[in-house]
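Student: Can you read through this structure? Questions will come right after.
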Amino acid sequence: MVERQIKNYAAAEQFLEEVPKFAKKNPLEDTRKFYMYIQNCSGGKYCEERLGKIIHVAGTNGKGSVCAYLQSICKESGYRTGMFTSPHLMTTRERFCVDGNILSEEEFLNAFYWLSDQITTYHAIAPEYNPTYFERLFFMGIYVFAKAQVDVLLLETGLGGRLDTTNIIKNPILTIITEIGLDHMEYLGDTIDKIAAEKAGILKAGVPVIFSDRKKAASAVLCEKAQKLSCKCHAVSEKDYKINEIQKKFIDFSVVSRYYDYGRLIVDTTAVYQVENAAIAIRAAEVLKRDCGFETITIKSIKNGIRKMHWACRMEEVLSGVYIDGAHNEDGIAAFVQSLKVTPIFTDTKHQFDKRCVLIFSVVRDKQYNKMIEMLCELPMVTDFVITHIPGERGAKLAELRSIFDRYAGKNTQGIYTYEKIEDAVAFGLSVGKDGGRVYIVGSLYLAGIVEKFFANSRMA
């Protein structure tokens, strides 16, 4: 098999990136059959019971952050914790974490070889089955987390829920649904309730569910499905947390709990939307302690876990005055805009210090970017917009993006600029926003990852 001829991590990553060219999405039942084959033929070494207690997480926005907060809490509580998330920013190895550490290149290769052997032997039974890119990563994760002997596994869905590869698991101890919005509508449906129904597909009979109670249409669907499956519901709404103070580097907040008095809680970010994600993780930690046997979770481990969590490209200050945010759909952009409007360090930039404030933007073409751009153009502190292109066919066309910015840009806008190459856009943005100004980079996780890698390479040079 060609995979066995691969000798290093870079080649393995390149091979996986080529998989979409020759593998189409499989029916979930076919994926489940391969999953069962792995479990039956491994002598129990890679069965679901070896993956620790599974917490299954779906949602449109925030699911990666919720996983990261819970990983930090569980680690602080003394549990060996695995986390499977997507997408990655700079390296595919980021998708597999054990106790907060991403997979090494050697460990990645071992998982890659193991899976290639499983596929080869399975082809004797089902020669037509060819795992997709995401399926391969998920099955590699089974090997990684079983071998690491994790106590708990935080499992993030890739797309949707009902038909997502991760939904072949049978026995999670907890499910979580974060905020639901209009995204991937060509696959999940064109209304909030249709998308919520797809996300609700991860619910399992009798397994408690925690969900973001932000949109009534979504909450109604989730509660109805939970009732049918006898799942105990734990809703988290804006009434369950309160922002006390927003500082230059962190947010001080509190949560409402029937069981514990946390006092002052800190998220180490100025992204306002992370408070809700932290509140969902805290509610999950309470359920884990009270109902799922996680006895070593304490108020202290929860507070420390929330404070110590770091999740890249979520209003992350990568250089002084330079922020990357992974907002990539309408709700994500709305949350980004809210953070800029309510955080003093951001709103002061233009009006008090008279400095330039630059926003670098790009987006993939299947997003609803018209509304995203309209919201960004309403930001009063932004003086300059820099538009760039995500490489490949997925990137939205520069000319079309420029026309939308021209339509919505307000009187505060001093300039709109376009650059085909992302590195040129970043270099120009930094030059305009220098000497005390600000630069924001937003619109796509692909953009965030490319820029993050660009800065990482610059620091290493």
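By convention here, the chains of the structure tokens are called A, B, ... in the order presented, each chain's residues are numbered starting at 1, and ligands are numbered starting at 1 in the order presented.
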Give me the residues near Gly326 of chain A as an MDAnalysis selection string, where near means some atom within 7 Å (using only C-alpha atoms) and where sequence neighbours in that chain fewer than 3 positions away do not count.
Tutor: chainID A and resid 313:314 442:445 448
Student: Run DSSP on the backbone of this structure and report the residues of segment 17-205 of chain A it assigns to alpha helix (DSSP H), as an MDAnalysis selection string.
Tutor: chainID A and resid 17:18 28:41 63:76 105:122 133:148 185:188 192:199
Student: Return as a CSV table (one decimal) with N, CA, C and O atoms, in the first residue's frame the full set of residues in segment 200-325 of chain A whose backbone-based DSSP assignment is strand (DSSP E or B).
Tutor:
```
chain,number,residue,atom,x,y,z
A,209,VAL,N,-27.6,16.4,28.3
A,209,VAL,CA,-27.2,17.4,27.3
A,209,VAL,C,-27.1,18.8,27.8
A,209,VAL,O,-28.0,19.2,28.6
A,210,ILE,N,-26.1,19.5,27.5
A,210,ILE,CA,-25.9,20.9,27.9
A,210,ILE,C,-25.9,21.7,26.6
A,210,ILE,O,-25.3,21.3,25.6
A,211,PHE,N,-26.7,22.8,26.5
A,211,PHE,CA,-26.8,23.5,25.3
A,211,PHE,C,-26.9,25.0,25.5
A,211,PHE,O,-27.3,25.5,26.5
A,212,SER,N,-26.4,25.7,24.5
A,212,SER,CA,-26.5,27.2,24.5
A,212,SER,C,-27.9,27.6,24.2
A,212,SER,O,-28.5,27.3,23.1
A,233,CYS,N,-31.9,18.0,30.4
A,233,CYS,CA,-31.4,19.2,29.7
A,233,CYS,C,-30.8,20.2,30.7
A,233,CYS,O,-31.4,20.4,31.8
A,234,HIS,N,-29.7,20.8,30.3
A,234,HIS,CA,-29.1,21.9,31.1
A,234,HIS,C,-28.8,23.0,30.1
A,234,HIS,O,-27.9,23.0,29.3
A,235,ALA,N,-29.7,24.0,30.1
A,235,ALA,CA,-29.6,25.2,29.3
A,235,ALA,C,-28.7,26.2,29.9
A,235,ALA,O,-28.7,26.4,31.1
A,236,VAL,N,-27.9,26.8,29.0
A,236,VAL,CA,-27.0,27.9,29.5
A,236,VAL,C,-27.3,29.2,28.6
A,236,VAL,O,-27.2,29.2,27.4
A,241,TYR,N,-24.7,33.9,33.3
A,241,TYR,CA,-23.3,34.5,33.6
A,241,TYR,C,-23.4,36.0,33.5
A,241,TYR,O,-24.3,36.6,32.9
A,242,LYS,N,-22.4,36.7,34.1
A,242,LYS,CA,-22.4,38.1,34.1
A,242,LYS,C,-21.0,38.6,33.9
A,242,LYS,O,-20.1,38.2,34.6
A,243,ILE,N,-20.7,39.5,33.0
A,243,ILE,CA,-19.4,40.1,32.8
A,243,ILE,C,-19.3,41.3,33.8
A,243,ILE,O,-20.1,42.2,33.8
A,244,ASN,N,-18.3,41.2,34.7
A,244,ASN,CA,-18.1,42.2,35.7
A,244,ASN,C,-17.2,43.3,35.2
A,244,ASN,O,-17.4,44.5,35.5
A,245,GLU,N,-16.1,42.9,34.5
A,245,GLU,CA,-15.2,43.9,34.1
A,245,GLU,C,-14.4,43.4,32.9
A,245,GLU,O,-14.0,42.2,32.9
A,246,ILE,N,-14.1,44.3,31.9
A,246,ILE,CA,-13.2,43.9,30.8
A,246,ILE,C,-11.9,44.7,30.9
A,246,ILE,O,-12.0,45.9,30.9
A,251,ILE,N,-11.0,39.1,31.0
A,251,ILE,CA,-12.4,39.5,31.4
A,251,ILE,C,-12.7,38.8,32.7
A,251,ILE,O,-12.5,37.6,32.9
A,252,ASP,N,-13.2,39.6,33.6
A,252,ASP,CA,-13.7,39.2,35.0
A,252,ASP,C,-15.2,38.9,34.9
A,252,ASP,O,-15.9,39.8,34.5
A,253,PHE,N,-15.6,37.7,35.2
A,253,PHE,CA,-17.0,37.4,35.1
A,253,PHE,C,-17.5,36.5,36.3
A,253,PHE,O,-16.6,36.0,37.0
A,254,SER,N,-18.7,36.3,36.4
A,254,SER,CA,-19.3,35.4,37.4
A,254,SER,C,-20.4,34.5,36.7
A,254,SER,O,-20.9,34.9,35.7
A,255,VAL,N,-20.7,33.4,37.3
A,255,VAL,CA,-21.7,32.5,36.8
A,255,VAL,C,-22.7,32.2,37.9
A,255,VAL,O,-22.4,32.3,39.1
A,265,LEU,N,-14.3,34.8,38.4
A,265,LEU,CA,-13.8,33.9,37.4
A,265,LEU,C,-13.1,34.8,36.4
A,265,LEU,O,-13.5,35.9,36.1
A,266,ILE,N,-12.0,34.3,35.8
A,266,ILE,CA,-11.2,35.0,34.8
A,266,ILE,C,-11.0,34.2,33.5
A,266,ILE,O,-10.7,33.0,33.6
A,267,VAL,N,-11.4,34.8,32.4
A,267,VAL,CA,-10.9,34.2,31.1
A,267,VAL,C,-9.8,35.1,30.6
A,267,VAL,O,-9.9,36.3,30.6
A,316,GLU,N,-6.8,36.6,19.5
A,316,GLU,CA,-5.4,36.4,20.1
A,316,GLU,C,-4.5,37.5,19.6
A,316,GLU,O,-4.4,37.8,18.4
A,317,GLU,N,-3.8,38.1,20.6
A,317,GLU,CA,-2.8,39.1,20.2
A,317,GLU,C,-1.5,38.5,19.9
A,317,GLU,O,-0.7,38.0,20.8
A,318,VAL,N,-1.2,38.3,18.6
A,318,VAL,CA,0.0,37.6,18.1
A,318,VAL,C,1.2,38.5,18.1
A,318,VAL,O,2.3,38.0,18.2
A,319,LEU,N,1.0,39.8,17.9
A,319,LEU,CA,2.1,40.8,18.1
A,319,LEU,C,1.4,42.0,18.8
A,319,LEU,O,0.2,42.0,18.9
A,322,VAL,N,-1.7,43.5,17.3
A,322,VAL,CA,-2.2,42.7,16.2
A,322,VAL,C,-3.0,41.6,16.7
A,322,VAL,O,-2.4,40.7,17.4
A,323,TYR,N,-4.2,41.5,16.2
A,323,TYR,CA,-5.1,40.4,16.8
A,323,TYR,C,-5.6,39.6,15.6
A,323,TYR,O,-6.0,40.1,14.6
A,324,ILE,N,-5.7,38.2,15.9
A,324,ILE,CA,-6.3,37.3,14.9
A,324,ILE,C,-7.5,36.7,15.6
A,324,ILE,O,-7.5,36.3,16.7
```
Student: List as a VMD selection string the protein and nucleic acid residues near segment 283-288 of chain A, meaning an atom at most 9 Å away when only C-alpha atoms are counted, but skip any in the same chain fewer than 4 places from it.
Tutor: chain A and resid 70 73 to 74 173 to 174 176 208 to 210 234 to 236 257 259 to 260 278 to 279 292 to 295 297 to 298 302
Student: What's the separation between atom CA of Thr343 of chain A and atom CA of Thr413 of chain A, in Å to one decimal place?
Tutor: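 So the two atoms, atom CA of Thr343 of chain A and atom CA of Thr413 of chain A, lie 20.5 Å apart.
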Student: Have a look at atom CA of Met372 of chain A and atom CA of Val439 of chain A and let me know their distance in Å, one decimal.
Tutor: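 Those two atoms sit 17.8 Å apart.
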Student: Extract, using only C-alpha atoms, all DNA, RNA and protein residues at most 6 Å from segment 45-57 of chain A, discarding same-chain residues fewer than 3 positions from it, and format them as a list in words.
Tutor: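 Everything that qualifies: Gln39, Ser42, Phe145, Ala146, Val150, Asp151, Val152, Leu153, Leu154, Leu155, Glu156, Pro172, Ile173, Leu174, Thr175, Ile176 and Ile177 of chain A.
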Student: Keeping only C-alpha atoms, write the selected residues as a short mmCIF file (atom, residue, chain, number, x, y, z; two decimals), in the first residue's frame.
Tutor:
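Contents of out_30.cif, freshly written:
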```cif
data_model
loop_
_atom_site.label_atom_id
_atom_site.label_comp_id
_atom_site.auth_asym_id
_atom_site.auth_seq_id
_atom_site.Cartn_x
_atom_site.Cartn_y
_atom_site.Cartn_z
CA GLN A 39 -12.73 -2.96 17.41
CA SER A 42 -7.78 -5.37 17.53
CA PHE A 145 -6.34 8.08 22.49
CA ALA A 146 -6.67 4.37 23.21
CA VAL A 150 -6.99 8.76 28.45
CA ASP A 151 -9.55 9.00 31.23
CA VAL A 152 -11.82 11.31 29.27
CA LEU A 153 -12.10 12.17 25.57
CA LEU A 154 -13.50 15.45 24.28
CA LEU A 155 -14.82 14.65 20.82
CA GLU A 156 -15.77 17.54 18.53
CA PRO A 172 -20.94 9.16 25.44
CA ILE A 173 -21.46 10.21 29.03
CA LEU A 174 -22.39 13.77 28.09
CA THR A 175 -23.34 15.72 24.96
CA ILE A 176 -22.92 19.45 24.44
CA ILE A 177 -24.46 21.70 21.79
#
```
Student: Atom CA of Gly206 of chain A and atom CA of Ser230 of chain A, how far apart in Å?
Tutor: 5.1 Å
Student: Set the distance at 10 Å and use only C-alpha atoms: which residues neighbour Asp183 of chain A once local chain neighbours fewer than 5 positions away are removed? I'd like the list as JSON, numbers by chain.
Tutor: {"A": [60, 61, 159, 160, 188, 189, 190, 191, 192, 195, 328, 329, 330, 331, 366, 367, 368]}
Student: Save the residues we just selected, N, CA, C and O atoms, as a PDB file, in the first residue's frame?
Tutor:
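Ended up saving to result03.pdb:
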```pdb
ATOM      1  N   THR A  60     -22.394  25.312  15.995  1.00  0.00           N
ATOM      2  CA  THR A  60     -21.889  26.108  14.881  1.00  0.00           C
ATOM      3  C   THR A  60     -20.656  26.891  15.281  1.00  0.00           C
ATOM      4  O   THR A  60     -19.641  26.879  14.593  1.00  0.00           O
ATOM      5  N   ASN A  61     -20.735  27.582  16.404  1.00  0.00           N
ATOM      6  CA  ASN A  61     -19.611  28.374  16.899  1.00  0.00           C
ATOM      7  C   ASN A  61     -19.315  28.008  18.354  1.00  0.00           C
ATOM      8  O   ASN A  61     -20.229  27.742  19.139  1.00  0.00           O
ATOM      9  N   LEU A 159     -18.758  18.219  11.050  1.00  0.00           N
ATOM     10  CA  LEU A 159     -19.794  18.987  10.364  1.00  0.00           C
ATOM     11  C   LEU A 159     -21.157  18.431  10.752  1.00  0.00           C
ATOM     12  O   LEU A 159     -21.432  17.239  10.574  1.00  0.00           O
ATOM     13  N   GLY A 160     -22.004  19.293  11.294  1.00  0.00           N
ATOM     14  CA  GLY A 160     -23.352  18.856  11.677  1.00  0.00           C
ATOM     15  C   GLY A 160     -23.336  18.015  12.931  1.00  0.00           C
ATOM     16  O   GLY A 160     -22.823  18.412  13.961  1.00  0.00           O
ATOM     17  N   LEU A 188     -26.673  21.275   5.849  1.00  0.00           N
ATOM     18  CA  LEU A 188     -27.420  21.102   7.094  1.00  0.00           C
ATOM     19  C   LEU A 188     -28.830  21.678   7.069  1.00  0.00           C
ATOM     20  O   LEU A 188     -29.612  21.405   7.976  1.00  0.00           O
ATOM     21  N   GLY A 189     -29.152  22.478   6.056  1.00  0.00           N
ATOM     22  CA  GLY A 189     -30.464  23.103   6.014  1.00  0.00           C
ATOM     23  C   GLY A 189     -30.356  24.613   6.045  1.00  0.00           C
ATOM     24  O   GLY A 189     -29.345  25.174   6.474  1.00  0.00           O
ATOM     25  N   ASP A 190     -31.430  25.287   5.602  1.00  0.00           N
ATOM     26  CA  ASP A 190     -31.375  26.733   5.444  1.00  0.00           C
ATOM     27  C   ASP A 190     -32.092  27.507   6.544  1.00  0.00           C
ATOM     28  O   ASP A 190     -32.315  28.708   6.407  1.00  0.00           O
ATOM     29  N   THR A 191     -32.454  26.851   7.631  1.00  0.00           N
ATOM     30  CA  THR A 191     -33.068  27.536   8.771  1.00  0.00           C
ATOM     31  C   THR A 191     -32.416  27.055  10.059  1.00  0.00           C
ATOM     32  O   THR A 191     -31.807  25.987  10.107  1.00  0.00           O
ATOM     33  N   ILE A 192     -32.571  27.849  11.103  1.00  0.00           N
ATOM     34  CA  ILE A 192     -31.995  27.501  12.395  1.00  0.00           C
ATOM     35  C   ILE A 192     -32.545  26.183  12.920  1.00  0.00           C
ATOM     36  O   ILE A 192     -31.800  25.333  13.431  1.00  0.00           O
ATOM     37  N   ILE A 195     -30.997  23.198  11.043  1.00  0.00           N
ATOM     38  CA  ILE A 195     -29.609  22.978  11.460  1.00  0.00           C
ATOM     39  C   ILE A 195     -29.565  22.410  12.872  1.00  0.00           C
ATOM     40  O   ILE A 195     -28.780  21.496  13.165  1.00  0.00           O
ATOM     41  N   HIS A 328     -15.766  33.157  11.222  1.00  0.00           N
ATOM     42  CA  HIS A 328     -15.846  32.784   9.811  1.00  0.00           C
ATOM     43  C   HIS A 328     -17.281  32.585   9.323  1.00  0.00           C
ATOM     44  O   HIS A 328     -17.500  31.993   8.268  1.00  0.00           O
ATOM     45  N   ASN A 329     -18.254  33.079  10.079  1.00  0.00           N
ATOM     46  CA  ASN A 329     -19.649  33.049   9.632  1.00  0.00           C
ATOM     47  C   ASN A 329     -20.371  34.231  10.276  1.00  0.00           C
ATOM     48  O   ASN A 329     -19.762  34.996  11.037  1.00  0.00           O
ATOM     49  N   GLU A 330     -21.652  34.385   9.979  1.00  0.00           N
ATOM     50  CA  GLU A 330     -22.376  35.576  10.448  1.00  0.00           C
ATOM     51  C   GLU A 330     -22.347  35.711  11.961  1.00  0.00           C
ATOM     52  O   GLU A 330     -22.069  36.791  12.500  1.00  0.00           O
ATOM     53  N   ASP A 331     -22.668  34.644  12.677  1.00  0.00           N
ATOM     54  CA  ASP A 331     -22.698  34.717  14.135  1.00  0.00           C
ATOM     55  C   ASP A 331     -21.307  34.961  14.701  1.00  0.00           C
ATOM     56  O   ASP A 331     -21.141  35.683  15.692  1.00  0.00           O
ATOM     57  N   ASP A 366     -18.113  29.815   0.088  1.00  0.00           N
ATOM     58  CA  ASP A 366     -19.405  29.219   0.436  1.00  0.00           C
ATOM     59  C   ASP A 366     -20.022  29.834   1.685  1.00  0.00           C
ATOM     60  O   ASP A 366     -21.023  29.341   2.188  1.00  0.00           O
ATOM     61  N   LYS A 367     -19.447  30.914   2.187  1.00  0.00           N
ATOM     62  CA  LYS A 367     -20.011  31.606   3.351  1.00  0.00           C
ATOM     63  C   LYS A 367     -20.948  32.729   2.914  1.00  0.00           C
ATOM     64  O   LYS A 367     -20.903  33.199   1.773  1.00  0.00           O
ATOM     65  N   GLN A 368     -21.780  33.174   3.854  1.00  0.00           N
ATOM     66  CA  GLN A 368     -22.689  34.294   3.604  1.00  0.00           C
ATOM     67  C   GLN A 368     -21.940  35.595   3.898  1.00  0.00           C
ATOM     68  O   GLN A 368     -22.216  36.302   4.864  1.00  0.00           O
TER      69      GLN A 368
END
```
Student: Between A:Lys411, A:Arg438, A:His123, A:Arg162, which residue has the minimum interatomic distance to Ala200 of chain A, considering only C-alpha atoms?
Tutor: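 Nearest to Ala200 of chain A: A:Arg162.
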Student: Excluding Asp268 of chain A and residues on its chain fewer than 5 positions from it, collect all residues at most 8 Å away from it, counting only C-alpha atoms, and give them as a list in words.
Tutor: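 Once the adjacent positions are removed, what remains is Lys249, Phe250, Ile251, Arg307, Lys308, Met309 and His310 of chain A.
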Student: Write out as a ChimeraX atom specification which residues come within 6 Å of Arg93 of chain A when counting only C-alpha atoms, dropping same-chain ones fewer than 3 positions away.
Tutor: /A:96,102-103
Student: Counting only C-alpha atoms, figure out which residue out of A:Val364, A:Tyr408, A:Ala427, A:Thr270 gets nearest to Leu447 of chain A.
Tutor: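 Checking each candidate against Leu447 of chain A, we get A:Val364 as the closest.
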Student: Determine, using only C-alpha atoms, which residues of segment 78-157 of chain A have any atom at most 12 Å from an atom of segment 63-69 of chain A, and tabulate each with its shortest atom pair and distance in Å to one decimal place, rows ordered by chain and then rising number, as JSON lines.
Tutor:
```
{"residue": "A:Thr81", "atom": "CA", "partner": "A:Ala68", "partner_atom": "CA", "distance": 10.5}
{"residue": "A:Gly82", "atom": "CA", "partner": "A:Cys67", "partner_atom": "CA", "distance": 9.9}
{"residue": "A:Met83", "atom": "CA", "partner": "A:Cys67", "partner_atom": "CA", "distance": 7.2}
{"residue": "A:Phe84", "atom": "CA", "partner": "A:Cys67", "partner_atom": "CA", "distance": 8.6}
{"residue": "A:Thr85", "atom": "CA", "partner": "A:Gly64", "partner_atom": "CA", "distance": 6.3}
{"residue": "A:Ser86", "atom": "CA", "partner": "A:Gly64", "partner_atom": "CA", "distance": 7.5}
{"residue": "A:Pro87", "atom": "CA", "partner": "A:Gly64", "partner_atom": "CA", "distance": 9.1}
{"residue": "A:His88", "atom": "CA", "partner": "A:Gly64", "partner_atom": "CA", "distance": 10.5}
{"residue": "A:Glu94", "atom": "CA", "partner": "A:Gly64", "partner_atom": "CA", "distance": 11.8}
{"residue": "A:Arg95", "atom": "CA", "partner": "A:Gly64", "partner_atom": "CA", "distance": 10.3}
{"residue": "A:Phe96", "atom": "CA", "partner": "A:Ala68", "partner_atom": "CA", "distance": 11.8}
{"residue": "A:Cys97", "atom": "CA", "partner": "A:Ala68", "partner_atom": "CA", "distance": 9.8}
{"residue": "A:Val98", "atom": "CA", "partner": "A:Ala68", "partner_atom": "CA", "distance": 11.3}
{"residue": "A:Asp99", "atom": "CA", "partner": "A:Ala68", "partner_atom": "CA", "distance": 10.3}
{"residue": "A:Gly100", "atom": "CA", "partner": "A:Ala68", "partner_atom": "CA", "distance": 8.3}
{"residue": "A:Asn101", "atom": "CA", "partner": "A:Ala68", "partner_atom": "CA", "distance": 11.5}
{"residue": "A:Val152", "atom": "CA", "partner": "A:Cys67", "partner_atom": "CA", "distance": 11.5}
{"residue": "A:Leu153", "atom": "CA", "partner": "A:Cys67", "partner_atom": "CA", "distance": 9.6}
{"residue": "A:Leu154", "atom": "CA", "partner": "A:Cys67", "partner_atom": "CA", "distance": 6.1}
{"residue": "A:Leu155", "atom": "CA", "partner": "A:Cys67", "partner_atom": "CA", "distance": 7.8}
{"residue": "A:Glu156", "atom": "CA", "partner": "A:Lys63", "partner_atom": "CA", "distance": 6.9}
{"residue": "A:Thr157", "atom": "CA", "partner": "A:Lys63", "partner_atom": "CA", "distance": 8.6}
```
